[in-house]
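Chemist: The file below is upload-v6.pdb, PDB, C-alpha atoms:
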```pdb
MODEL        1
ATOM      1  CA  MET A   1      22.933 -36.574 190.174
ATOM      2  CA  ARG A   2      21.979 -39.624 192.255
ATOM      3  CA  ILE A   3      19.002 -37.801 193.794
ATOM      4  CA  ARG A   4      17.759 -36.816 190.319
ATOM      5  CA  LEU A   5      18.094 -40.418 189.194
ATOM      6  CA  LEU A   6      16.042 -41.665 192.149
ATOM      7  CA  LEU A   7      13.317 -39.076 191.494
ATOM      8  CA  THR A   8      13.171 -40.089 187.846
ATOM      9  CA  PHE A   9      12.769 -43.751 188.778
ATOM     10  CA  ALA A  10      10.102 -42.867 191.334
ATOM     11  CA  VAL A  11       8.067 -40.963 188.717
ATOM     12  CA  LEU A  12       8.353 -43.832 186.246
ATOM     13  CA  CYS A  13       7.309 -46.348 188.881
ATOM     14  CA  THR A  14       4.284 -44.242 189.781
ATOM     15  CA  ALA A  15       3.269 -44.206 186.136
ATOM     16  CA  PHE A  16       3.608 -47.971 185.792
ATOM     17  CA  ASN A  17       1.751 -48.397 189.056
ATOM     18  CA  ASN A  18      -1.451 -47.058 187.556
ATOM     19  CA  ILE A  19      -1.424 -49.923 185.067
ATOM     20  CA  TYR A  20       0.163 -52.947 186.700
ATOM     21  CA  ALA A  21       0.898 -52.595 190.384
ATOM     22  CA  GLN A  22      -0.871 -54.575 193.041
ATOM     23  CA  GLU A  23       1.067 -53.448 196.110
ATOM     24  CA  LEU A  24       3.143 -50.431 197.065
ATOM     25  CA  GLU A  25       5.896 -51.463 199.489
ATOM     26  CA  GLY A  26       8.028 -49.434 201.853
ATOM     27  CA  ASN A  27      11.033 -50.446 203.910
ATOM     28  CA  LEU A  28      13.253 -48.646 206.418
ATOM     29  CA  ASN A  29      16.376 -50.390 207.672
ATOM     30  CA  PHE A  30      18.692 -49.047 210.361
ATOM     31  CA  HIS A  31      22.072 -50.574 211.175
ATOM     32  CA  GLY A  32      24.101 -49.076 213.987
ATOM     33  CA  PHE A  33      27.549 -50.488 214.719
ATOM     34  CA  ALA A  34      30.498 -50.059 217.051
ATOM     35  CA  ASP A  35      33.430 -52.356 216.287
ATOM     36  CA  ASN A  36      36.699 -51.805 218.151
ATOM     37  CA  ARG A  37      39.544 -53.953 216.780
ATOM     38  CA  GLU A  38      42.727 -54.121 218.844
ATOM     39  CA  TYR A  39      45.097 -56.089 216.641
ATOM     40  CA  ALA A  40      48.460 -54.466 217.487
ATOM     41  CA  ARG A  41      49.921 -57.521 219.213
ATOM     42  CA  SER A  42      49.757 -59.599 216.062
ATOM     43  CA  LYS A  43      50.870 -56.565 214.010
ATOM     44  CA  ARG A  44      47.651 -56.399 212.057
ATOM     45  CA  PHE A  45      45.597 -53.303 211.351
ATOM     46  CA  SER A  46      43.829 -51.936 214.441
ATOM     47  CA  GLU A  47      40.809 -49.693 213.919
ATOM     48  CA  THR A  48      37.482 -48.594 215.354
ATOM     49  CA  ILE A  49      34.463 -48.703 213.042
ATOM     50  CA  PHE A  50      31.720 -46.617 214.665
ATOM     51  CA  GLY A  51      28.684 -45.329 212.835
ATOM     52  CA  MET A  52      25.354 -46.170 211.263
ATOM     53  CA  ARG A  53      23.633 -46.952 207.999
ATOM     54  CA  VAL A  54      20.086 -45.916 207.118
ATOM     55  CA  THR A  55      18.350 -47.482 204.129
ATOM     56  CA  PRO A  56      14.924 -46.178 203.089
ATOM     57  CA  SER A  57      13.404 -47.789 200.009
ATOM     58  CA  VAL A  58      10.112 -48.050 198.152
ATOM     59  CA  GLY A  59       8.971 -50.555 195.608
ATOM     60  CA  LEU A  60       6.225 -52.203 193.660
ATOM     61  CA  LEU A  61       5.103 -55.795 194.020
ATOM     62  CA  ILE A  62       3.713 -56.178 190.530
ATOM     63  CA  ASP A  63       2.283 -59.610 191.242
ATOM     64  CA  SER A  64       3.198 -62.472 193.542
ATOM     65  CA  ALA A  65       6.476 -63.085 191.697
ATOM     66  CA  HIS A  66       7.852 -59.755 190.431
ATOM     67  CA  ARG A  67       9.188 -56.891 192.552
ATOM     68  CA  ILE A  68      11.030 -53.627 191.831
ATOM     69  CA  ARG A  69      12.745 -51.773 194.698
ATOM     70  CA  LEU A  70      14.371 -48.308 194.722
ATOM     71  CA  GLY A  71      16.173 -46.567 197.567
ATOM     72  CA  VAL A  72      19.457 -45.347 198.971
ATOM     73  CA  ASN A  73      21.858 -46.715 201.572
ATOM     74  CA  VAL A  74      23.458 -43.842 203.489
ATOM     75  CA  MET A  75      26.419 -44.319 205.809
ATOM     76  CA  HIS A  76      27.597 -41.929 208.528
ATOM     77  CA  GLU A  77      30.718 -42.612 210.590
ATOM     78  CA  PHE A  78      30.544 -40.810 213.905
ATOM     79  CA  GLY A  79      33.011 -37.957 214.212
ATOM     80  CA  SER A  80      32.942 -37.169 210.504
ATOM     81  CA  PRO A  81      32.161 -33.533 209.602
ATOM     82  CA  LYS A  82      29.837 -34.758 206.839
ATOM     83  CA  PHE A  83      26.553 -36.448 207.643
ATOM     84  CA  SER A  84      26.890 -38.802 204.695
ATOM     85  CA  ASN A  85      30.294 -40.395 204.233
ATOM     86  CA  LYS A  86      28.967 -42.631 201.491
ATOM     87  CA  ALA A  87      25.638 -43.114 199.733
ATOM     88  CA  ASP A  88      24.921 -46.267 197.728
ATOM     89  CA  ILE A  89      21.982 -46.561 195.374
ATOM     90  CA  VAL A  90      19.595 -49.460 196.031
ATOM     91  CA  ALA A  91      17.812 -50.368 192.789
ATOM     92  CA  TYR A  92      16.950 -53.908 191.821
ATOM     93  CA  TYR A  93      14.489 -56.322 190.298
ATOM     94  CA  GLN A  94      13.511 -59.480 192.205
ATOM     95  CA  TYR A  95      11.779 -62.587 190.951
ATOM     96  CA  LEU A  96      10.414 -64.954 193.582
ATOM     97  CA  LYS A  97       8.633 -68.133 192.586
ATOM     98  CA  LYS A  98       8.299 -71.166 194.825
ATOM     99  CA  ASP A  99      11.893 -72.329 195.565
ATOM    100  CA  TRP A 100      13.583 -69.843 193.216
ATOM    101  CA  ASN A 101      14.778 -66.313 193.978
ATOM    102  CA  PHE A 102      16.508 -64.044 191.451
ATOM    103  CA  TYR A 103      17.977 -60.551 191.954
ATOM    104  CA  MET A 104      19.452 -58.134 189.434
ATOM    105  CA  GLY A 105      20.703 -54.643 190.222
ATOM    106  CA  ALA A 106      22.167 -53.160 193.395
ATOM    107  CA  PHE A 107      20.671 -55.107 196.305
ATOM    108  CA  PRO A 108      21.588 -55.698 199.996
ATOM    109  CA  ARG A 109      24.034 -58.525 200.769
ATOM    110  CA  GLU A 110      22.513 -58.991 204.233
ATOM    111  CA  GLY A 111      20.560 -62.231 204.346
ATOM    112  CA  LEU A 112      21.833 -63.387 200.947
ATOM    113  CA  ILE A 113      25.627 -63.790 201.157
ATOM    114  CA  SER A 114      26.307 -62.369 204.622
ATOM    115  CA  ASP A 115      26.750 -65.927 205.956
ATOM    116  CA  PHE A 116      30.044 -66.496 204.096
ATOM    117  CA  PRO A 117      32.924 -67.412 206.448
ATOM    118  CA  ARG A 118      35.133 -64.440 207.332
ATOM    119  CA  ALA A 119      38.107 -66.345 205.977
ATOM    120  CA  ILE A 120      36.643 -66.020 202.482
ATOM    121  CA  LEU A 121      34.721 -62.716 202.645
ATOM    122  CA  ASN A 122      35.730 -60.497 205.569
ATOM    123  CA  ASP A 123      33.054 -58.906 207.734
ATOM    124  CA  THR A 124      34.130 -55.306 207.008
ATOM    125  CA  LEU A 125      32.214 -55.672 203.740
ATOM    126  CA  ASN A 126      29.014 -55.474 205.804
ATOM    127  CA  TYR A 127      30.042 -51.968 206.888
ATOM    128  CA  TYR A 128      31.620 -50.514 203.755
ATOM    129  CA  ARG A 129      30.075 -52.452 200.898
ATOM    130  CA  PRO A 130      26.514 -53.336 201.965
ATOM    131  CA  ASN A 131      25.242 -53.983 198.445
ATOM    132  CA  VAL A 132      25.916 -56.566 195.776
ATOM    133  CA  GLU A 133      26.015 -54.906 192.351
ATOM    134  CA  GLY A 134      25.219 -57.549 189.787
ATOM    135  CA  MET A 135      23.081 -60.676 189.863
ATOM    136  CA  LEU A 136      22.198 -63.460 192.293
ATOM    137  CA  VAL A 137      20.211 -66.675 191.982
ATOM    138  CA  LYS A 138      19.065 -68.677 194.995
ATOM    139  CA  TYR A 139      17.342 -72.056 195.106
ATOM    140  CA  GLU A 140      16.087 -73.236 198.486
ATOM    141  CA  ASN A 141      13.758 -75.934 199.741
ATOM    142  CA  GLU A 142      13.440 -77.992 202.922
ATOM    143  CA  ASN A 143      16.764 -79.807 202.452
ATOM    144  CA  TRP A 144      18.724 -77.884 199.825
ATOM    145  CA  LYS A 145      20.037 -74.361 199.475
ATOM    146  CA  GLN A 146      22.252 -73.037 196.690
ATOM    147  CA  VAL A 147      23.292 -69.447 195.923
ATOM    148  CA  ILE A 148      25.271 -68.203 192.904
ATOM    149  CA  PHE A 149      26.208 -64.540 192.476
ATOM    150  CA  ILE A 150      28.409 -62.071 190.643
ATOM    151  CA  ASP A 151      29.325 -58.763 192.251
ATOM    152  CA  TRP A 152      30.899 -56.181 189.914
ATOM    153  CA  THR A 153      33.142 -54.186 192.244
ATOM    154  CA  SER A 154      34.903 -51.888 189.758
ATOM    155  CA  ARG A 155      34.126 -50.891 186.180
ATOM    156  CA  GLN A 156      37.116 -50.464 183.905
ATOM    157  CA  THR A 157      38.013 -46.963 182.754
ATOM    158  CA  ALA A 158      41.242 -45.444 181.479
ATOM    159  CA  THR A 159      42.579 -45.332 185.055
ATOM    160  CA  ALA A 160      40.266 -47.601 187.088
ATOM    161  CA  ARG A 161      40.722 -51.356 187.211
ATOM    162  CA  GLU A 162      38.127 -53.895 186.200
ATOM    163  CA  ASN A 163      37.376 -56.354 188.977
ATOM    164  CA  PHE A 164      34.490 -58.512 190.077
ATOM    165  CA  ILE A 165      33.695 -61.262 192.548
ATOM    166  CA  PHE A 166      32.057 -64.503 191.451
ATOM    167  CA  GLY A 167      30.911 -66.879 194.153
ATOM    168  CA  PHE A 168      28.550 -69.605 195.238
ATOM    169  CA  SER A 169      27.481 -71.298 198.443
ATOM    170  CA  GLY A 170      25.209 -74.148 199.386
ATOM    171  CA  ARG A 171      23.949 -76.441 202.070
ATOM    172  CA  TYR A 172      22.311 -79.852 202.275
ATOM    173  CA  LYS A 173      20.556 -80.747 205.521
ATOM    174  CA  LYS A 174      18.848 -83.983 206.474
ATOM    175  CA  ASP A 175      17.608 -84.253 210.050
ATOM    176  CA  ALA A 176      20.572 -83.119 212.204
ATOM    177  CA  PHE A 177      23.267 -83.798 209.595
ATOM    178  CA  PHE A 178      24.399 -81.127 207.105
ATOM    179  CA  VAL A 179      27.075 -80.427 204.512
ATOM    180  CA  SER A 180      27.879 -76.858 203.496
ATOM    181  CA  HIS A 181      30.216 -75.254 200.982
ATOM    182  CA  TYR A 182      31.396 -71.736 200.117
ATOM    183  CA  ALA A 183      33.575 -70.474 197.285
ATOM    184  CA  MET A 184      34.516 -67.191 195.628
ATOM    185  CA  MET A 185      36.949 -65.795 193.093
ATOM    186  CA  LEU A 186      38.137 -62.201 192.723
ATOM    187  CA  HIS A 187      39.190 -61.303 189.192
ATOM    188  CA  ASN A 188      41.405 -58.212 189.221
ATOM    189  CA  ALA A 189      42.259 -56.873 185.770
ATOM    190  CA  GLY A 190      44.067 -53.696 184.801
ATOM    191  CA  PRO A 191      42.769 -50.296 183.650
ATOM    192  CA  GLY A 192      42.107 -49.351 180.039
ATOM    193  CA  ILE A 193      45.510 -47.697 179.811
ATOM    194  CA  PRO A 194      47.951 -50.515 180.635
ATOM    195  CA  ILE A 195      50.342 -50.091 183.554
ATOM    196  CA  PRO A 196      53.908 -51.296 182.902
ATOM    197  CA  ASP A 197      54.742 -54.580 184.639
ATOM    198  CA  ASP A 198      51.115 -54.918 185.802
ATOM    199  CA  HIS A 199      49.403 -58.304 185.548
ATOM    200  CA  ILE A 200      45.909 -59.781 185.900
ATOM    201  CA  GLN A 201      45.266 -61.415 189.287
ATOM    202  CA  ASP A 202      42.911 -64.226 190.234
ATOM    203  CA  ASN A 203      42.406 -64.674 193.968
ATOM    204  CA  GLY A 204      39.852 -66.927 195.646
ATOM    205  CA  ALA A 205      39.066 -69.571 198.220
ATOM    206  CA  ALA A 206      36.739 -72.475 198.951
ATOM    207  CA  MET A 207      35.577 -74.188 202.136
ATOM    208  CA  VAL A 208      33.624 -77.412 202.646
ATOM    209  CA  LYS A 209      32.271 -78.522 206.033
ATOM    210  CA  ALA A 210      30.185 -81.384 207.388
ATOM    211  CA  GLY A 211      28.518 -81.315 210.770
ATOM    212  CA  VAL A 212      25.479 -81.738 212.982
ATOM    213  CA  ASP A 213      22.872 -79.211 214.060
ATOM    214  CA  LEU A 214      21.597 -80.224 217.497
ATOM    215  CA  SER A 215      19.534 -77.098 218.103
ATOM    216  CA  HIS A 216      16.603 -77.752 220.465
ATOM    217  CA  LYS A 217      17.784 -81.345 220.935
ATOM    218  CA  THR A 218      19.652 -80.544 224.153
ATOM    219  CA  PHE A 219      19.099 -78.103 227.014
ATOM    220  CA  LEU A 220      20.801 -75.490 224.802
ATOM    221  CA  ASP A 221      18.775 -73.279 222.478
ATOM    222  CA  SER A 222      21.219 -73.978 219.651
ATOM    223  CA  LEU A 223      24.247 -76.206 219.153
ATOM    224  CA  THR A 224      26.162 -76.712 215.906
ATOM    225  CA  ILE A 225      29.422 -78.610 215.384
ATOM    226  CA  SER A 226      31.215 -78.947 212.044
ATOM    227  CA  ALA A 227      34.618 -79.670 210.528
ATOM    228  CA  GLY A 228      36.110 -79.599 207.076
ATOM    229  CA  GLY A 229      38.758 -78.158 204.816
ATOM    230  CA  MET A 230      39.714 -74.831 203.316
ATOM    231  CA  MET A 231      41.774 -74.081 200.226
ATOM    232  CA  SER A 232      42.732 -70.815 198.571
ATOM    233  CA  PHE A 233      43.910 -70.372 194.992
ATOM    234  CA  GLU A 234      45.866 -67.467 193.616
ATOM    235  CA  ARG A 235      47.827 -66.676 190.492
ATOM    236  CA  THR A 236      49.342 -63.668 188.799
ATOM    237  CA  ARG A 237      49.012 -64.339 185.100
ATOM    238  CA  THR A 238      52.246 -64.594 183.126
ATOM    239  CA  GLN A 239      54.135 -64.703 186.449
ATOM    240  CA  GLY A 240      53.616 -68.344 187.403
ATOM    241  CA  GLY A 241      51.076 -71.061 188.160
ATOM    242  CA  TRP A 242      48.426 -71.436 190.838
ATOM    243  CA  GLN A 243      49.294 -71.242 194.538
ATOM    244  CA  THR A 244      46.908 -73.496 196.508
ATOM    245  CA  PRO A 245      47.528 -73.532 200.290
ATOM    246  CA  LYS A 246      45.212 -75.786 202.303
ATOM    247  CA  GLY A 247      44.111 -76.314 205.885
ATOM    248  CA  LEU A 248      41.666 -77.840 208.371
ATOM    249  CA  VAL A 249      38.763 -75.961 209.974
ATOM    250  CA  VAL A 250      36.693 -76.869 213.049
ATOM    251  CA  ASP A 251      33.652 -74.823 214.018
ATOM    252  CA  LEU A 252      31.552 -74.849 217.213
ATOM    253  CA  SER A 253      28.556 -72.612 217.976
ATOM    254  CA  MET A 254      26.098 -72.689 220.879
ATOM    255  CA  GLU A 255      23.565 -70.377 222.528
ATOM    256  CA  TYR A 256      21.539 -70.489 225.731
ATOM    257  CA  HIS A 257      19.101 -67.793 226.856
ATOM    258  CA  ARG A 258      20.605 -65.190 224.469
ATOM    259  CA  PHE A 259      24.177 -65.922 225.586
ATOM    260  CA  GLY A 260      26.376 -67.616 223.027
ATOM    261  CA  ILE A 261      29.849 -68.998 222.359
ATOM    262  CA  THR A 262      31.319 -69.450 218.897
ATOM    263  CA  ASN A 263      34.749 -70.930 218.266
ATOM    264  CA  PHE A 264      36.485 -71.274 214.904
ATOM    265  CA  PHE A 265      39.838 -73.085 214.636
ATOM    266  CA  TYR A 266      42.148 -73.226 211.625
ATOM    267  CA  LYS A 267      45.304 -75.303 211.137
ATOM    268  CA  GLY A 268      47.288 -75.509 207.909
ATOM    269  CA  GLU A 269      49.155 -73.332 205.465
ATOM    270  CA  GLY A 270      48.922 -69.541 205.440
ATOM    271  CA  HIS A 271      46.689 -67.839 202.858
ATOM    272  CA  HIS A 272      46.856 -64.584 200.940
ATOM    273  CA  LEU A 273      43.229 -63.569 200.450
ATOM    274  CA  ILE A 274      42.481 -60.087 199.158
ATOM    275  CA  MET A 275      38.823 -60.191 200.261
ATOM    276  CA  GLY A 276      39.336 -62.534 203.233
ATOM    277  CA  ASP A 277      40.236 -62.076 206.881
ATOM    278  CA  LYS A 278      43.933 -61.273 207.323
ATOM    279  CA  PHE A 279      44.283 -63.585 210.336
ATOM    280  CA  TYR A 280      44.360 -66.522 207.925
ATOM    281  CA  THR A 281      47.828 -65.554 206.728
ATOM    282  CA  SER A 282      48.968 -67.563 209.770
ATOM    283  CA  LYS A 283      49.289 -71.328 209.885
ATOM    284  CA  THR A 284      47.382 -71.660 213.171
ATOM    285  CA  TYR A 285      44.513 -69.400 214.197
ATOM    286  CA  ASN A 286      41.690 -69.651 216.717
ATOM    287  CA  ARG A 287      38.854 -67.164 217.168
ATOM    288  CA  THR A 288      36.499 -67.274 220.169
ATOM    289  CA  ASP A 289      33.401 -65.059 220.317
ATOM    290  CA  LEU A 290      31.361 -64.507 223.483
ATOM    291  CA  THR A 291      28.001 -63.017 222.528
ATOM    292  CA  TRP A 292      24.913 -61.614 224.204
ATOM    293  CA  ARG A 293      21.714 -60.478 222.529
ATOM    294  CA  PRO A 294      20.159 -58.088 225.076
ATOM    295  CA  ILE A 295      17.586 -56.681 222.634
ATOM    296  CA  ILE A 296      15.196 -58.899 220.701
ATOM    297  CA  TYR A 297      11.831 -57.299 219.980
ATOM    298  CA  LYS A 298       9.775 -57.731 216.834
ATOM    299  CA  ASN A 299      11.928 -56.191 214.081
ATOM    300  CA  LEU A 300      14.656 -54.970 216.457
ATOM    301  CA  GLU A 301      17.780 -56.864 217.497
ATOM    302  CA  GLY A 302      20.948 -55.844 219.310
ATOM    303  CA  LYS A 303      24.019 -58.013 219.743
ATOM    304  CA  LEU A 304      27.197 -57.577 221.820
ATOM    305  CA  ALA A 305      30.298 -59.629 220.982
ATOM    306  CA  LEU A 306      33.648 -59.979 222.718
ATOM    307  CA  SER A 307      36.150 -61.671 220.414
ATOM    308  CA  PHE A 308      39.569 -63.132 221.159
ATOM    309  CA  HIS A 309      42.040 -63.916 218.375
ATOM    310  CA  PHE A 310      44.710 -66.479 219.272
ATOM    311  CA  VAL A 311      47.389 -66.141 216.589
ATOM    312  CA  ASP A 312      51.179 -66.034 216.236
ATOM    313  CA  GLY A 313      51.687 -66.710 219.967
ATOM    314  CA  VAL A 314      49.670 -63.641 221.075
ATOM    315  CA  ILE A 315      46.049 -62.742 221.816
ATOM    316  CA  ASP A 316      44.301 -59.873 220.051
ATOM    317  CA  SER A 317      40.863 -58.690 221.140
ATOM    318  CA  GLN A 318      37.789 -57.118 219.623
ATOM    319  CA  GLN A 319      34.615 -55.603 221.088
ATOM    320  CA  ALA A 320      31.582 -55.055 218.893
ATOM    321  CA  PHE A 321      27.960 -54.023 219.272
ATOM    322  CA  GLY A 322      25.442 -54.038 216.450
ATOM    323  CA  LEU A 323      21.845 -52.865 216.364
ATOM    324  CA  ARG A 324      19.489 -53.628 213.489
ATOM    325  CA  TYR A 325      15.955 -52.363 213.015
ATOM    326  CA  ASN A 326      13.843 -53.265 210.008
ATOM    327  CA  LEU A 327      10.436 -51.685 209.387
ATOM    328  CA  PHE A 328       8.367 -52.972 206.489
ATOM    329  CA  GLY A 329       4.892 -52.137 205.245
ATOM    330  CA  SER A 330       2.767 -52.511 202.147
ATOM    331  CA  ARG A 331      -0.497 -51.228 200.748
ATOM    332  CA  SER A 332      -2.659 -52.858 198.131
ATOM    333  CA  LEU A 333      -3.167 -50.748 195.005
ATOM    334  CA  LYS A 334      -4.988 -53.296 192.931
ATOM    335  CA  ARG A 335      -8.115 -51.907 191.355
ATOM    336  CA  LYS A 336     -11.329 -53.569 192.354
TER     337      LYS A 336
ENDMDL
END
```
Take the structure from the file and write it as structure tokens.
Modeler:
Amino acid sequence: MRIRLLLTFAVLCTAFNNIYAQELEGNLNFHGFADNREYARSKRFSETIFGMRVTPSVGLLIDSAHRIRLGVNVMHEFGSPKFSNKADIVAYYQYLKKDWNFYMGAFPREGLISDFPRAILNDTLNYYRPNVEGMLVKYENENWKQVIFIDWTSRQTATARENFIFGFSGRYKKDAFFVSHYAMMLHNAGPGIPIPDDHIQDNGAAMVKAGVDLSHKTFLDSLTISAGGMMSFERTRTQGGWQTPKGLVVDLSMEYHRFGITNFFYKGEGHHLIMGDKFYTSKTYNRTDLTWRPIIYKNLEGKLALSFHFVDGVIDSQQAFGLRYNLFGSRSLKRK
């Protein structure tokens, strides 16, 4: 069914191309990943995520501002008897004009909302839910950046729940100083046929940080220091009011000759975040990442990370390697 749908769209796009199109675009994205999470000491879920995603897509750049893109995002986890464990349709419209960028459809989260802190949106979404299905608006200039999106994660049926994520993020930067913010809310409603003693849930979080970006101002290639606050908010409707635990965050990131250190420290109350990292259920948590980027060549980048999670009086560890390759080309079809 999905293949037939893609072919139908491709035929329609070819027809429209004869009238309007200026450029035919093609893109091939490869994401290989190996992520070994050893979380047994803190009694959290240990797992190994090992596989790849391949995303071919084609599209039309109708003029300098309007783009339509169609494709498929195919995931294969190594060891699975099936080549494709999951295939996600990529189909979206994009409007790009000066400082404004608008998306509608099913479009990749990478590069748009992939910078959200793990505390708010956990990084497993990059593996298992690579697309946003909904709308996104981004405004960005030299000093300001603001993103607002809605991601519809489940359509209500007789047995399936209705839920969606609404979020926004932004950043103001002047010289070395910056202020950034991130926020999201998961709305989790019931199915069409009500479940006894089931209630609507609202679950979200927000983080605000201020800091300095000293990249290329020292002998280091990059250096960023920031601190701020985090708050989550949760309620089960008809069961009580809002729960709003809070805490302090301190973030440090540096890199020199492709070697990097990132440290994120949290101190405060524990959080229950459905879409967030489960380490933040603790009142004190520190994550240290040691990274190395051995491969950087044109559109190819590989990154190795060794992570240490200091939580609940123990140390959990994580080893991850990611490889991304992005090939893009276009051909003018404008009639002379």
Chemist: Quick one: residues within 12 Å of range 110-112 of chain A, only C-alpha atoms, excluding same-chain residues fewer than 2 positions away - as an MDAnalysis selection string?
Modeler: chainID A and resid 29 31 101:103 107:108 114:116 123 125:127 129:132 135:140 145:149 167:170 324 326
Chemist: Rounded to one decimal, what separation in Å do you get between CA of Ala65 in chain A and CA of Lys98 in chain A?
Modeler: 8.9 Å
Chemist: Could you give me, as CSV, every range 135-181 of chain A residue with an atom at most 10 Å from range 220-233 of chain A, plus its closest atom pair and distance in Å to one decimal, counting all atoms listed in the file, rows ordered by chain then number?
Modeler:
```
residue,atom,partner,partner_atom,distance
A:Ala176,CA,A:Thr224,CA,9.3
A:Phe177,CA,A:Ser226,CA,9.6
A:Phe178,CA,A:Ser226,CA,8.7
A:Val179,CA,A:Ser226,CA,8.7
A:Ser180,CA,A:Gly228,CA,9.4
A:His181,CA,A:Gly228,CA,9.5
```
Chemist: Compare A:Pro81, A:Thr236, A:Gly247, A:Glu255 by their minimum atom-to-atom distance to Phe219 in chain A, counting only C-alpha atoms, and give me the closest one.
Modeler: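 Answer, going by the shortest atom-to-atom distance: A:Glu255.
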Chemist: Between A:Tyr128, A:Trp242, A:Phe259, A:Tyr297, which one has atoms that come closest to Leu323 in chain A, using all atoms listed in the file?
Modeler: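 Of A:Tyr128, A:Trp242, A:Phe259, A:Tyr297, the one nearest Leu323 in chain A is A:Tyr297, counting all atoms listed in the file.
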Chemist: Report, in Å to a single decimal, how far apart CA of Ala106 in chain A and CA of Ile62 in chain A are.
Modeler: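 CA of Ile62 in chain A sits 18.9 Å away from CA of Ala106 in chain A.
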Chemist: Given the file shown, determine the residues that the PyMOL selection byres ((chain A and resi 193-197) around 12) selects; report them as a ChimeraX atom specification.
Modeler: /A:156-162,189-192,198-200,236-239
Chemist: Using all atoms listed in the file, tabulate the residues of range 217-296 of chain A lying at most 12 Å from any atom of range 41-58 of chain A, each with its closest atom pair and that distance in Å to one decimal, by chain and increasing residue number, as a Markdown table.
Modeler:
```
| residue | atom | partner | partner_atom | distance |
| --- | --- | --- | --- | --- |
| A:Asp277 | CA | A:Arg44 | CA | 10.7 |
| A:Lys278 | CA | A:Arg44 | CA | 7.7 |
| A:Phe279 | CA | A:Arg44 | CA | 8.1 |
| A:Tyr280 | CA | A:Arg44 | CA | 11.4 |
| A:Thr281 | CA | A:Arg44 | CA | 10.6 |
| A:Ser282 | CA | A:Ser42 | CA | 10.2 |
| A:Tyr285 | CA | A:Ser42 | CA | 11.3 |
```
Chemist: Could those selected residues go to a file with C-alpha atoms, as a PDB file, keeping the file's coordinate frame?
Modeler:
```pdb
ATOM      1  CA  ASP A 277      40.236 -62.076 206.881  1.00  0.00           C
ATOM      2  CA  LYS A 278      43.933 -61.273 207.323  1.00  0.00           C
ATOM      3  CA  PHE A 279      44.283 -63.585 210.336  1.00  0.00           C
ATOM      4  CA  TYR A 280      44.360 -66.522 207.925  1.00  0.00           C
ATOM      5  CA  THR A 281      47.828 -65.554 206.728  1.00  0.00           C
ATOM      6  CA  SER A 282      48.968 -67.563 209.770  1.00  0.00           C
ATOM      7  CA  TYR A 285      44.513 -69.400 214.197  1.00  0.00           C
TER       8      TYR A 285
END
```
Chemist: With all atoms listed in the file as the atoms that count, which of A:Gln318, A:Ala183, A:Arg258, A:Asp202 lies nearest to Asn163 in chain A?
Modeler: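 Using all atoms listed in the file, the shortest distance to Asn163 in chain A belongs to A:Asp202.
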Chemist: May I ask for the distance between CA of Leu333 in chain A and CA of Leu61 in chain A, given in Å to one decimal place?
Modeler: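 Taking CA of Leu333 in chain A and CA of Leu61 in chain A, their separation equals 9.7 Å.
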Chemist: Name the residues in contact with Ile165 in chain A at a cut-off of 12 Å, using only C-alpha atoms, excluding same-chain residues fewer than 5 positions from it; report them as an NGL selection string.
Modeler: :A and (120-121 or 132-136 or 148-154 or 183-189 or 202-205 or 274-275)
Chemist: Can you pull out the residues contacting Ser330 in chain A? Cut-off 8 Å, using all atoms listed in the file, and skip same-chain residues under 5 positions away; I want them as a ChimeraX atom specification.
Modeler: /A:23-26
Chemist: Once the PyMOL selection byres ((chain A and resi 291) around 6) has been applied to the shown file, what residues remain in the selection, as number ranges by chain?
Modeler: A: 259-260, 290, 292, 304-305
Chemist: Please return, as a JSON list (two decimals) with C-alpha atoms, in the frame of the given file, all polymer residues that have at least one atom within 9 Å of the point (43.3, -68.5, 215.8); use all atoms listed in the file and the file's own coordinate frame.
Modeler:
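Just written: part-v3.json:
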```json
[["chain", "number", "residue", "atom", "x", "y", "z"],
["A", 264, "PHE", "CA", 36.48, -71.27, 214.90],
["A", 265, "PHE", "CA", 39.84, -73.08, 214.64],
["A", 266, "TYR", "CA", 42.15, -73.23, 211.62],
["A", 267, "LYS", "CA", 45.30, -75.30, 211.14],
["A", 279, "PHE", "CA", 44.28, -63.58, 210.34],
["A", 280, "TYR", "CA", 44.36, -66.52, 207.92],
["A", 282, "SER", "CA", 48.97, -67.56, 209.77],
["A", 283, "LYS", "CA", 49.29, -71.33, 209.88],
["A", 284, "THR", "CA", 47.38, -71.66, 213.17],
["A", 285, "TYR", "CA", 44.51, -69.40, 214.20],
["A", 286, "ASN", "CA", 41.69, -69.65, 216.72],
["A", 287, "ARG", "CA", 38.85, -67.16, 217.17],
["A", 288, "THR", "CA", 36.50, -67.27, 220.17],
["A", 308, "PHE", "CA", 39.57, -63.13, 221.16],
["A", 309, "HIS", "CA", 42.04, -63.92, 218.38],
["A", 310, "PHE", "CA", 44.71, -66.48, 219.27],
["A", 311, "VAL", "CA", 47.39, -66.14, 216.59],
["A", 312, "ASP", "CA", 51.18, -66.03, 216.24],
["A", 315, "ILE", "CA", 46.05, -62.74, 221.82]]
```
Chemist: Excluding Arg67 in chain A and any residue of its chain fewer than 6 positions from it, enumerate the residues within 6 Å of it, using all atoms listed in the file, and give them as a list in words.
Modeler: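 In the requested format, the answer is Leu60, Leu61, Tyr93 and Gln94 of chain A.
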Chemist: Between A:Ala34, A:Val314, A:His272, A:His66, which is the closest to Arg235 in chain A once you count all atoms listed in the file?
Modeler: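 Looking at the shortest contact to Arg235 in chain A, the residue is A:His272.
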Chemist: For a quick check of understanding, using all atoms listed in the file, which of A:Ile261, A:Leu300, A:Ala206, A:Val212 has the smallest distance to Lys246 in chain A?
Modeler: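 With all atoms listed in the file as the atom set, the closest residue is A:Ala206.
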